[in-house]
Structure formats: C-alpha cells, structure tokens
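Colleague: Sharing a structure below in structure tokens format, with a few things to ask.
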Amino acid sequence: MSVEVLKIAKDWFSAQGWRPFPFQEESWQAYLDGGSGLVNAPTGSGKTYSLLMPVMLEYIRRHPDDYKTRRNAGLQAIWITPIRALSKEIELSARRLIDGLELPWRIGVRSGDTSTKERAAQRSKPPELLITTPESLHLLLASKGYADFFKELKILVADEWHELMGSKRGVQVELALSRLKTVVPALKVWGISATIGNMDEALQALLGNYYHERPYSVIRADLHKEIEVISVMPDTLERMPWAGHLGIVLLEKVIEIVRNSKTTLIFTNTRSFAEIWYQKMLDKAPELSGLMAMHHGSISQELRNWVEEQLHLGKLKAVVCTSSLDLGVDFRPVETVVQVGGPKGVARFLQRAGRSGHQPGAVSRIYFVPTHSLELIEAAAIREAIVRKVVEDRLPYLRSFDVLMQYLVTLAVSDGFEPDTTLAEIRGTFSFGSVTDDEWHWMLNFLTHGGDSLQAYDEYRKVVLQNGIYRVENRAIAMRHRLSIGTIVSDSSMHVKFLSGKYLGTIEEYFITRMSPGDVFWFAGRNLELVRVKDMVAQVRKSNKKSGRVPSWQGGRMPLSSQMSELIRNKLDEVVRGVEHDEELTFLKPLFDLQRQRSHLPGAGDFLVEYFESDEGYHVIMYPFEGRFVHEGIAALVAYRIAQIQPITFSIAMNDYGFELLSDQPIPIEEALETDVLGTTDLLKDIQASVNSTEMARRKFRDIAAISGLVFKGYPGKPVKDRHLQSSSQLFFNVFHDYEGHNLLLRQAYEEVMDFQLEEARLRRALDRIARQKIMITYPPKPTPFAFPIMVDRMREKLTTEKIEDRIRKMVVEYDES
DNA sequence: GACCTGCTGCGGTGTG
C-alpha cells in the first residue's frame, strides 16, 4: 500500500518540475512506517515537504476512497514554529500540496496575529493542519475541552527544533507534548533541526519517553553547501586598531563590496552598531539613499515587514541588520553577506553566510570585517570549523520549575489536572525526568497554598484541589494566567512615535530619560528630535541636524562559544609552530612578533600570564581564550584565592580572550600560582565565595518570577512599570532567601547562574585544561597586543569618552616607542 | 570632532 502512495508523492514532485532529495523520500518512508523522528536539514532544502507530504499520504492511505471528499476530518497535524513569520512559508507549501493532492484540508494559523473570530472558528471546526507557536499551543491547552480539539491529531512537528530546544520555549514544547501524548496515544512526534553538536540530545529532548519506548528515525539531508569566507583587511596592519568593536575603519571597503554586488546584507552584533553603520554608510555613499535599509529587533514590525518585502523583491541594494534577519523569510536575491565583528560562534556565522548564494549549487560568500586586529584570528578559526564540520551544542534547559509551574496552572485553568497522571507525564519529558516525589509535592503545595512563606495571602492560592482534580476556580486568576503564558520576558521599553502617531519602534527607558526635549537621536535610520515623553511614549519629529546620539539597548552578552575558543587556540598554536597558512594570520605576523618580543605567544601547551606595573597600578593578565562568561568566573576565583594569601583588592576586566586583575599594590602572582590558584580543588565552594552569586541569582530570579506567575506583567496596553516588577520580584527573592531556602524557584535561580552565567561545566573543563598546560609567566615592559583590548575595555567602563581617548592615545604613543 | 557594544523570539479575556 505504501508503495502506491509514494507514487502519488513522486508524481506531485514531477508535476512541480522537481525531483525529491533522497532525504525527503527517506523521511516519507520512515513516517509511513510508523515511527517518530528527527529530520536534520538546513533551511531552504525543502524540509517542509519532507514531513507535510507523508502526513497527507498517510491520510490518503487511511481513506483511499473518499479522501477527496471527506470534510472536517479534524485536526490532523500541528506544525510548531519558533517565529510567526515562518508560518507564511509553511502555509504556502502546504497550500500547494493540498491543492495538488486534491485534499479538502483547511489550514489554520494560530498565533498572536490570529483574530478572535478566526480562533472561535478554529475551535468549532478544527483545521486539518494547524501552524502555531509554542505559546499559542499552550493557550490552546488553557481552553476548556481542549482534548476534543486534539482528538484526531496524528503528528506534531517541531520545526527549527535546534532554535527552541536551547531555551525555555523548548521546555514548553516538551510539556505540551507530554499532555498530547496521553490525549492521543498514537501521536507521532517529529522534529526538524539544523545540524548541532548534540543531535542525539536534541532527539531525546524532543521525544522524551518515546526515545526509550517507541521506534524513531533520524534522517540526515547530506546536502553539501560551499561557503567561502573572505576577510576584509586594511591595506596595512597599522591601519587596524588594537582595540575596539565598531570596525568603522573598514567602512570604505564595505561600501566597495556593496557597490560591486546586487544585494548585500550587513550583519552587526548589536542594534546600536547597525544604526551607526547605516548612518556612516549613507554619509560616505549618499547614492545609496533609498536603496539601503535597516533591520533590528527594536524597529517596529511594520517597518521590518516593509524591509523584508523590498529585500524579497530585490529592490534594496543593502540592509544593515542584526540577528533579526538570521531566521525567517527567505531572501533569494541576496548575493553577498558581510559580518561586522567577531561572530562568536560557528553556527551563527554559517547561518548568516547561508543567507547568500541560495541558488542550487551556488557558493555562499561571506565577508568578515574585523573590528580590531586580533579578531582576524576568528576568520581563520571559522574557516577551520567549516573544513572540520565543527558546530556548537544547544543545551536543553533541565528542571525549569518556573515553566513547569506555569504549565500546571495552564492545565488547572482549562480542565484541571489529576496529579498522578500529570506527574507520570512530566516525568516522561527530558527536562523533568528527575523530578522527585518531594519536589512534586512542593509544587502542588505552592500552587494551592503559596508555599511556606506566602500561605497567608489568598492571591497566591491559585489552584484548588477538588475531588482529586487541581483546578483554578477564580476567573480573574484564569484570565491573568492566559495573558501571561510564555517564557520570553522582555525588558521594559518605551515606544517611539512620530507626533502623527506613526509607530517607529522601541527604545529603552534608561536611554530616553537621559535626554531632554529638543535633543536629537538617531533611530531606525532617521534623525529624530525628542518632543516630549508622554504615557511611556517618546514623541518625536524629524530633525535636520547632522548628528545625534545613538541609542544603546541592554541585550544579552554572548560569549565566544567553546568550539570557537578551541579553534582560536589552535590557530594560535599554528602560528607558534610556524605552520600557519591563513592569510589573516600572515597579515597579523608583525603583531604576533611584537607579542612574542614583549611577552610570549602561547601555543597549545602554554598558559600565558603577564604581570606588569603601570601608572594605573599592578596588572595580572591571563589568557584562557574561553569566552567572557568563563573569564568572569575564573577572574573572580583567582582574585578571591589571591586575597586568601594576602589582603588585596582588585578591579577586574575581561573580554573573550582573557582577563585582567588590577590592583594598587603589588600582586603576589608567583606565590599564587604555586599555591594552585587555578586549581579545581574546592572549586564550587570558592566560586560561591568569590562571585556574588546571590546578586546574580537575584537578577535571574526576575525572569523566573514572571514565568512562574509570581508577578503579573500587566494587561495588554497597560504594562506594569518595570520598577514595580523589579521590586516585587526582589521581594519574593528576599522572602524565599530568608525563610524558604528549599524553594524550588529560588534554587533554580542559583542553578541558572551556575549553568548559563558562569558556565560551570565549561569553567571546570577550562581549569582542567590549564592544569595540563605549562604556565608561562612573563613580565612585559609595557602592555602587550593581547593585553591592550582588555585594558581599553576596562577604561571604557569607568571613564568618560574624552578621557578614554587621551588614555588610549597615551598608550599608543608608548607602543610606538618600542 | 572623535568616539561609539551587547541578539533573537511570543503573548495580550473565555465561557455559558
């Protein structure tokens, strides 16, 4: 029988003038054979058809006689996407397929954009295919009688699973699946993922108990894509600064690239740099005006949609953007991609490179623009990664009790949950497999009584136990809960609008409060004058002034991935051994020579420590090349341990390559190194003592409080002020900290600090590696090329711009004397 | 006038 339906698939493909890829045919067969699985395929490979097709084929096989006329068959398939924008393309593919196969199927999209009317229609007559997000799926689970809605479901597909699994949104998908597996015992679970380092873990996280209990397949689309990495280098090394992040010295070269290419995407690492680059490019190349646009996460959806559309139509010559264009709509006309600044990770760089050269067989070409000299090593490292097929892991979140708590209230809001069933279900997930009976009882107790510390307050007795079922009875609680479903907690921001009311995007409260009416700032590629701030809206008008301040946003600080770190250390080792071949490394030769002459160039077997004195005091600089988070931990650890030898205080600075300890008194560094200041003995204890883990946990707790539902973020259009949110979540933190140390949400905050802030596992590996290396301590007469960027970063944080420039100038003069 | 750090994603009243 399956042979017959496969013929339908092939016929459909040839009717389109296509030939199926082997991986597509493989997944059709695997699906029809009955198991779950994971398709490992890049974007643009027809991955959607690899699963949509067999879902429909199976339906045809099940109803061979009347599949063309059977209407309202019920919800057959759910397609989860991490980004609403992707649903359009999935819908398009599905439409094509449905029409071609003559199925009377309806497609539903359920997301924040779906109207109330449409939602009601979907509920009464479920579409056969539902495209939705993890959040909207949970909203469905929060509605009464949901089991009926899902009863015909055959398959859930988690698209871009690699994106979801590394976040709490992935945990949401796991939880929703745990419920659906009971509602529909024959459910199949499939994921689609780009290649990541830990594919098997990705599969386990997605399948949960199915991983051990049911058959599954892993299908790999081995499609070869050629990627060419070209470094943009200044004419001479002297032109390149030793420190910095903007990379604007290479502006002219980037403009040349744009001029010579049909369409170029210019990726920057931050939103403010996107703004600056856009502005500078227009200044230098005014002919690009009207042909160039900007795209980042704080620009209004409307403007972003316009940019995406123009890009799609091939009407733009260049777009300056951030990760906001990493995923989402496919822009075939993009010919060239430029990456400004170190990409920090292999996967991110390749994803961006893949935005160009979309035609089959075409080469993806990406230009790398370094922002300081040493960053050029990263280009060489990436090239190596491509050859060796190195990719990063995505770490799934484990035991995120905040998400679990939200989920339990979701179930309680709709039809209630029976504790034993639900416990068994959640233990079948990857995230909560290890939940103990005690922890489970703590959760139930917290939901029904507000735990030990909040039991006096009715507000926190959200859930009641009735005839063995946990329910939310209070309608106000239910409503507030539906409004707060989701795990993305945003910072407070202010809307930017023209006086006419046209919405431009969001800006941080912090930035705007430091401006007065009449001041000019540069945002969304325009010069704007602040007119007034009213009701959390910054009202602006166009300004003719040439310059203005550029907003900055408080965002995540991505450290160098461990894969990148290792590749960089390898590249340095090649230089030490004299076997380097990348042109970037050749170009940097004079810089390496100076490093060698003044200090030491560390190979794979060395760990470099520099100690010197300057006008500022005594500096110890170490170079683990492990990314800034790990350096934050090691720096605090070393500072703490040195202070055990003799009372001393430090100021600490770090970048992705190393860290600096600065003191106004001599640092007993030799003695410290002899006493194993970098050892792993008592690591956990010393870390706890050295970093202010309570303060870090307090910050993490803000999100946990919001996700678990302890604090309410406000009604739509009426957000609770950030200051208020901040203080109430702090209040909870303090209460739990003082009176309820075993509180699972509190403990989670500390665990998140260890896992994601200090990256404990990686830190430990780094220290183990260092223990095997030979410590090379040098006493450079002056700061070395490696030290310089770290020192400059430290000064930036402390001093005003003007002073920094004086300082840098002074430092630079000193170098020239050598 | 020189100098500019810090990504992305979702959701926003259901029920009788």
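Labels for the structure tokens follow display order: chains A, B, ..., residues from 1 in each chain, ligands from 1.
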For DC10 in chain B, list every protein, DNA or RNA residue within 12 Å, evaluated using only C-alpha atoms (C1' of nucleotides), and leave out those in the same chain fewer than 4 positions away; present the list as number ranges by chain.
Modeller: A: 81-85, 111-113, 132-139, 168-169, 172, 483-490
Colleague: From a backbone DSSP assignment, name each residue in range 368-499 of chain A labelled helix (DSSP H, G or I), as a PyMOL selection string.
Modeller: chain A and resi 373-388+401-413+419-427+437-449+451-454+458-460+475-483
Colleague: Return as CSV the residues of chain A lying at most 6 Å from chain B, together with the closest atom-to-atom pair for each and the distance in Å to one decimal, counting only C-alpha atoms (C1' of nucleotides), with rows in chain order and ascending residue number.
Modeller:
residue,atom,partner,partner_atom,distance
A:Ser323,CA,B:DC7,C1',5.6
A:Met479,CA,B:DT13,C1',5.8
A:Leu483,CA,B:DG12,C1',5.5
A:Gly555,CA,B:DG6,C1',5.3
A:Gly556,CA,B:DG6,C1',5.9
A:Arg557,CA,B:DG6,C1',5.0
A:Pro716,CA,B:DG12,C1',4.9
Colleague: Please produce an output containing N, CA, C and O atoms for each residue in the selection, written as a PDB file, in the first residue's frame.
Modeller:
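Result saved to result.pdb:
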ATOM      1  N   SER A 323      20.813  39.977  14.264  1.00  0.00           N
ATOM      2  CA  SER A 323      20.300  38.599  14.164  1.00  0.00           C
ATOM      3  C   SER A 323      18.847  38.534  13.735  1.00  0.00           C
ATOM      4  O   SER A 323      18.354  37.453  13.443  1.00  0.00           O
ATOM      5  N   MET A 479      -7.932  34.425  33.861  1.00  0.00           N
ATOM      6  CA  MET A 479      -7.699  35.404  32.806  1.00  0.00           C
ATOM      7  C   MET A 479      -6.271  35.922  32.842  1.00  0.00           C
ATOM      8  O   MET A 479      -5.579  35.985  31.822  1.00  0.00           O
ATOM      9  N   LEU A 483      -3.129  35.595  30.009  1.00  0.00           N
ATOM     10  CA  LEU A 483      -2.390  36.752  29.496  1.00  0.00           C
ATOM     11  C   LEU A 483      -0.880  36.623  29.707  1.00  0.00           C
ATOM     12  O   LEU A 483      -0.106  37.367  29.131  1.00  0.00           O
ATOM     13  N   GLY A 555      21.271  44.288  26.036  1.00  0.00           N
ATOM     14  CA  GLY A 555      20.938  42.987  25.467  1.00  0.00           C
ATOM     15  C   GLY A 555      21.748  41.890  26.116  1.00  0.00           C
ATOM     16  O   GLY A 555      22.458  42.114  27.089  1.00  0.00           O
ATOM     17  N   GLY A 556      21.633  40.712  25.568  1.00  0.00           N
ATOM     18  CA  GLY A 556      22.418  39.601  26.070  1.00  0.00           C
ATOM     19  C   GLY A 556      23.877  39.800  25.698  1.00  0.00           C
ATOM     20  O   GLY A 556      24.189  40.475  24.726  1.00  0.00           O
ATOM     21  N   ARG A 557      24.741  39.247  26.482  1.00  0.00           N
ATOM     22  CA  ARG A 557      26.162  39.342  26.160  1.00  0.00           C
ATOM     23  C   ARG A 557      26.623  37.964  25.762  1.00  0.00           C
ATOM     24  O   ARG A 557      26.838  37.113  26.606  1.00  0.00           O
ATOM     25  N   PRO A 716      -2.690  43.836  28.507  1.00  0.00           N
ATOM     26  CA  PRO A 716      -2.247  44.379  27.221  1.00  0.00           C
ATOM     27  C   PRO A 716      -2.481  45.884  27.169  1.00  0.00           C
ATOM     28  O   PRO A 716      -3.563  46.348  27.531  1.00  0.00           O
TER      29      PRO A 716
END
Colleague: Would you kindly return, as a ChimeraX atom specification, each protein, DNA or RNA residue with an atom no farther than 6 Å from any atom of range 397-401 of chain A, considering only C-alpha atoms (C1' of nucleotides) and excluding same-chain residues fewer than 2 positions away?
Modeller: /A:403-405,431-432
Colleague: Do a neighbour search on range 239-242 of chain A at 9 Å with only C-alpha atoms (C1' of nucleotides), toss out local chain neighbours closer than 4 positions, and write the hits as a PyMOL selection string.
Modeller: chain A and resi 233-235+247+249-250+370-374+785-786+788-789
Colleague: Find the distance between CA of Gly578 in chain A and CA of Leu601 in chain A and write it in Å to one decimal.
Modeller: 11.6 Å
Colleague: Just the number, please: distance in Å from CA of Ser356 in chain A to CA of Gly341 in chain A, one decimal.
Modeller: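 We find that CA of Ser356 in chain A and CA of Gly341 in chain A lie 18.3 Å from each other.
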Colleague: Let's see if you can do this: from backbone DSSP, list all strand (DSSP E) residues in range 622-792 of chain A, as a list in words.
Modeller: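 Result set for range 622-792 of chain A (strand (DSSP E)): Met622, Ser651, Ile652, Ala653, Met654, Phe659, Glu660, Leu661, Leu662, Ser663, Gly714, Tyr715, Lys718, Pro719, Lys774, Ile775, Met776, Ile777 and Thr778 of chain A.
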Colleague: Could you give me, as a PyMOL selection string, the residues within 9 Å of Gly525 in chain A, counting only C-alpha atoms (C1' of nucleotides) and dropping anything in the same chain fewer than 3 positions from it?
Modeller: chain A and resi 274-276+278-279+293-294+522
Colleague: Could you write out the selected residues, including N, CA and C atoms, as a PDB file, in the first residue's frame?
Modeller:
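And here is the file that came out, result27.pdb:
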ATOM      1  N   ALA A 274      24.303  48.658  14.248  1.00  0.00           N
ATOM      2  CA  ALA A 274      23.554  48.664  12.989  1.00  0.00           C
ATOM      3  C   ALA A 274      23.168  50.102  12.656  1.00  0.00           C
ATOM      4  N   GLU A 275      22.702  50.826  13.661  1.00  0.00           N
ATOM      5  CA  GLU A 275      22.319  52.223  13.456  1.00  0.00           C
ATOM      6  C   GLU A 275      23.521  53.046  12.979  1.00  0.00           C
ATOM      7  N   ILE A 276      24.649  52.847  13.651  1.00  0.00           N
ATOM      8  CA  ILE A 276      25.836  53.646  13.325  1.00  0.00           C
ATOM      9  C   ILE A 276      26.346  53.324  11.918  1.00  0.00           C
ATOM     10  N   TYR A 278      24.732  52.117   9.416  1.00  0.00           N
ATOM     11  CA  TYR A 278      23.781  52.623   8.424  1.00  0.00           C
ATOM     12  C   TYR A 278      24.034  54.099   8.158  1.00  0.00           C
ATOM     13  N   GLN A 279      24.172  54.830   9.251  1.00  0.00           N
ATOM     14  CA  GLN A 279      24.387  56.272   9.157  1.00  0.00           C
ATOM     15  C   GLN A 279      25.704  56.597   8.442  1.00  0.00           C
ATOM     16  N   ALA A 293      18.486  49.924   3.699  1.00  0.00           N
ATOM     17  CA  ALA A 293      17.541  49.922   4.813  1.00  0.00           C
ATOM     18  C   ALA A 293      18.191  49.297   6.035  1.00  0.00           C
ATOM     19  N   MET A 294      17.436  49.322   7.120  1.00  0.00           N
ATOM     20  CA  MET A 294      17.950  48.823   8.376  1.00  0.00           C
ATOM     21  C   MET A 294      16.944  47.901   9.025  1.00  0.00           C
ATOM     22  N   TRP A 522      19.454  59.264  16.911  1.00  0.00           N
ATOM     23  CA  TRP A 522      19.423  58.553  15.644  1.00  0.00           C
ATOM     24  C   TRP A 522      18.782  57.211  15.889  1.00  0.00           C
TER      25      TRP A 522
END
Colleague: In Å, with one decimal, what is the gap from CA of Asp458 in chain A to CA of Arg699 in chain A?
Modeller: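 Spanning CA of Asp458 in chain A to CA of Arg699 in chain A is a straight-line distance of 26.5 Å.
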Colleague: Select, from A:Asp393, A:Asp330, A:Asp535, A:Asp402, the residue with the minimum atom-to-atom distance to Ala705 in chain A, counting only C-alpha atoms.
Modeller: A:Asp402
Colleague: At a cut-off of 10 Å, using only C-alpha atoms (C1' of nucleotides), what residues contact Glu252 in chain A? Leave out same-chain residues fewer than 2 positions from it and give the result as a ChimeraX atom specification.
Modeller: /A:234,248-250,254-258,280-281,284-285
Colleague: For the residues in that selection, give me all heavy atoms as an mmCIF file, in the first residue's frame.
Modeller:
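Final output, saved to out08.cif:
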data_model
loop_
_atom_site.group_PDB
_atom_site.id
_atom_site.type_symbol
_atom_site.label_atom_id
_atom_site.label_comp_id
_atom_site.auth_asym_id
_atom_site.auth_seq_id
_atom_site.Cartn_x
_atom_site.Cartn_y
_atom_site.Cartn_z
ATOM 1 N N PRO A 234 42.512 45.884 6.183
ATOM 2 C CA PRO A 234 43.025 47.191 5.769
ATOM 3 C C PRO A 234 44.307 46.997 4.951
ATOM 4 O O PRO A 234 44.882 45.909 4.944
ATOM 5 C CB PRO A 234 43.322 47.891 7.095
ATOM 6 C CG PRO A 234 43.532 46.788 8.060
ATOM 7 C CD PRO A 234 42.690 45.633 7.608
ATOM 8 N N ILE A 248 34.749 50.611 12.080
ATOM 9 C CA ILE A 248 34.390 51.598 11.081
ATOM 10 C C ILE A 248 35.579 51.987 10.193
ATOM 11 O O ILE A 248 35.377 52.523 9.104
ATOM 12 C CB ILE A 248 33.752 52.840 11.765
ATOM 13 C CG1 ILE A 248 32.756 53.523 10.849
ATOM 14 C CG2 ILE A 248 34.800 53.824 12.255
ATOM 15 C CD1 ILE A 248 31.451 52.784 10.685
ATOM 16 N N VAL A 249 36.805 51.672 10.583
ATOM 17 C CA VAL A 249 37.945 51.998 9.715
ATOM 18 C C VAL A 249 37.830 51.284 8.375
ATOM 19 O O VAL A 249 38.446 51.688 7.393
ATOM 20 C CB VAL A 249 39.323 51.642 10.333
ATOM 21 C CG1 VAL A 249 39.668 52.559 11.483
ATOM 22 C CG2 VAL A 249 39.368 50.193 10.753
ATOM 23 N N LEU A 250 37.026 50.236 8.344
ATOM 24 C CA LEU A 250 36.909 49.489 7.094
ATOM 25 C C LEU A 250 35.669 49.885 6.291
ATOM 26 O O LEU A 250 35.299 49.201 5.335
ATOM 27 C CB LEU A 250 36.893 47.985 7.400
ATOM 28 C CG LEU A 250 38.245 47.495 7.929
ATOM 29 C CD1 LEU A 250 38.123 46.127 8.581
ATOM 30 C CD2 LEU A 250 39.279 47.450 6.810
ATOM 31 N N VAL A 254 33.829 48.218 2.856
ATOM 32 C CA VAL A 254 32.491 47.625 2.875
ATOM 33 C C VAL A 254 31.619 48.270 1.798
ATOM 34 O O VAL A 254 30.877 47.583 1.087
ATOM 35 C CB VAL A 254 31.854 47.750 4.274
ATOM 36 C CG1 VAL A 254 30.392 47.316 4.244
ATOM 37 C CG2 VAL A 254 32.622 46.911 5.290
ATOM 38 N N ILE A 255 31.759 49.574 1.656
ATOM 39 C CA ILE A 255 30.980 50.260 0.611
ATOM 40 C C ILE A 255 31.358 49.719 -0.771
ATOM 41 O O ILE A 255 30.492 49.503 -1.622
ATOM 42 C CB ILE A 255 31.187 51.785 0.714
ATOM 43 C CG1 ILE A 255 30.461 52.305 1.962
ATOM 44 C CG2 ILE A 255 30.668 52.495 -0.537
ATOM 45 C CD1 ILE A 255 30.665 53.758 2.259
ATOM 46 N N GLU A 256 32.631 49.450 -0.974
ATOM 47 C CA GLU A 256 33.072 48.857 -2.242
ATOM 48 C C GLU A 256 32.356 47.525 -2.493
ATOM 49 O O GLU A 256 31.896 47.257 -3.607
ATOM 50 C CB GLU A 256 34.591 48.598 -2.208
ATOM 51 C CG GLU A 256 35.435 49.689 -2.825
ATOM 52 C CD GLU A 256 34.806 50.288 -4.076
ATOM 53 O OE1 GLU A 256 34.722 49.599 -5.116
ATOM 54 O OE2 GLU A 256 34.373 51.449 -3.986
ATOM 55 N N ILE A 257 32.275 46.737 -1.439
ATOM 56 C CA ILE A 257 31.621 45.426 -1.574
ATOM 57 C C ILE A 257 30.149 45.622 -1.955
ATOM 58 O O ILE A 257 29.626 44.938 -2.836
ATOM 59 C CB ILE A 257 31.735 44.638 -0.249
ATOM 60 C CG1 ILE A 257 33.193 44.261 0.019
ATOM 61 C CG2 ILE A 257 30.872 43.382 -0.276
ATOM 62 C CD1 ILE A 257 33.459 43.746 1.408
ATOM 63 N N VAL A 258 29.513 46.575 -1.308
ATOM 64 C CA VAL A 258 28.100 46.842 -1.587
ATOM 65 C C VAL A 258 27.925 47.299 -3.032
ATOM 66 O O VAL A 258 27.031 46.842 -3.743
ATOM 67 C CB VAL A 258 27.541 47.894 -0.605
ATOM 68 C CG1 VAL A 258 26.174 48.381 -1.053
ATOM 69 C CG2 VAL A 258 27.471 47.321 0.799
ATOM 70 N N LYS A 280 26.753 55.899 8.852
ATOM 71 C CA LYS A 280 28.075 56.176 8.266
ATOM 72 C C LYS A 280 28.103 55.812 6.778
ATOM 73 O O LYS A 280 28.753 56.475 5.981
ATOM 74 C CB LYS A 280 29.163 55.359 8.985
ATOM 75 C CG LYS A 280 29.291 55.672 10.451
ATOM 76 C CD LYS A 280 30.184 56.864 10.675
ATOM 77 C CE LYS A 280 30.326 57.113 12.173
ATOM 78 N NZ LYS A 280 30.783 58.461 12.466
ATOM 79 N N MET A 281 27.413 54.756 6.441
ATOM 80 C CA MET A 281 27.423 54.344 5.035
ATOM 81 C C MET A 281 26.712 55.377 4.178
ATOM 82 O O MET A 281 27.175 55.697 3.079
ATOM 83 C CB MET A 281 26.780 52.974 4.878
ATOM 84 C CG MET A 281 27.712 51.866 5.347
ATOM 85 S SD MET A 281 27.052 50.234 5.082
ATOM 86 C CE MET A 281 27.060 50.141 3.298
ATOM 87 N N LYS A 284 28.969 58.367 3.648
ATOM 88 C CA LYS A 284 30.075 58.138 2.721
ATOM 89 C C LYS A 284 29.579 57.870 1.300
ATOM 90 O O LYS A 284 30.263 58.200 0.331
ATOM 91 C CB LYS A 284 30.896 56.924 3.195
ATOM 92 C CG LYS A 284 32.172 57.264 3.937
ATOM 93 C CD LYS A 284 33.265 57.667 2.990
ATOM 94 C CE LYS A 284 34.580 58.025 3.614
ATOM 95 N NZ LYS A 284 34.645 58.866 4.775
ATOM 96 N N ALA A 285 28.415 57.238 1.207
ATOM 97 C CA ALA A 285 27.907 56.876 -0.115
ATOM 98 C C ALA A 285 26.466 57.327 -0.246
ATOM 99 O O ALA A 285 25.540 56.500 -0.215
ATOM 100 C CB ALA A 285 28.034 55.367 -0.325
#
Colleague: As a list in words, please: the residues near Arg70 in chain A (cut-off 12 Å, only C-alpha atoms (C1' of nucleotides), same-chain neighbours under 6 positions excluded).
Modeller: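 Once the adjacent positions are removed, what remains is Tyr59, Ile60, Arg62, His63, Pro64, Glu102, Leu103, Pro104, Trp105, Arg106 and Glu128 of chain A.
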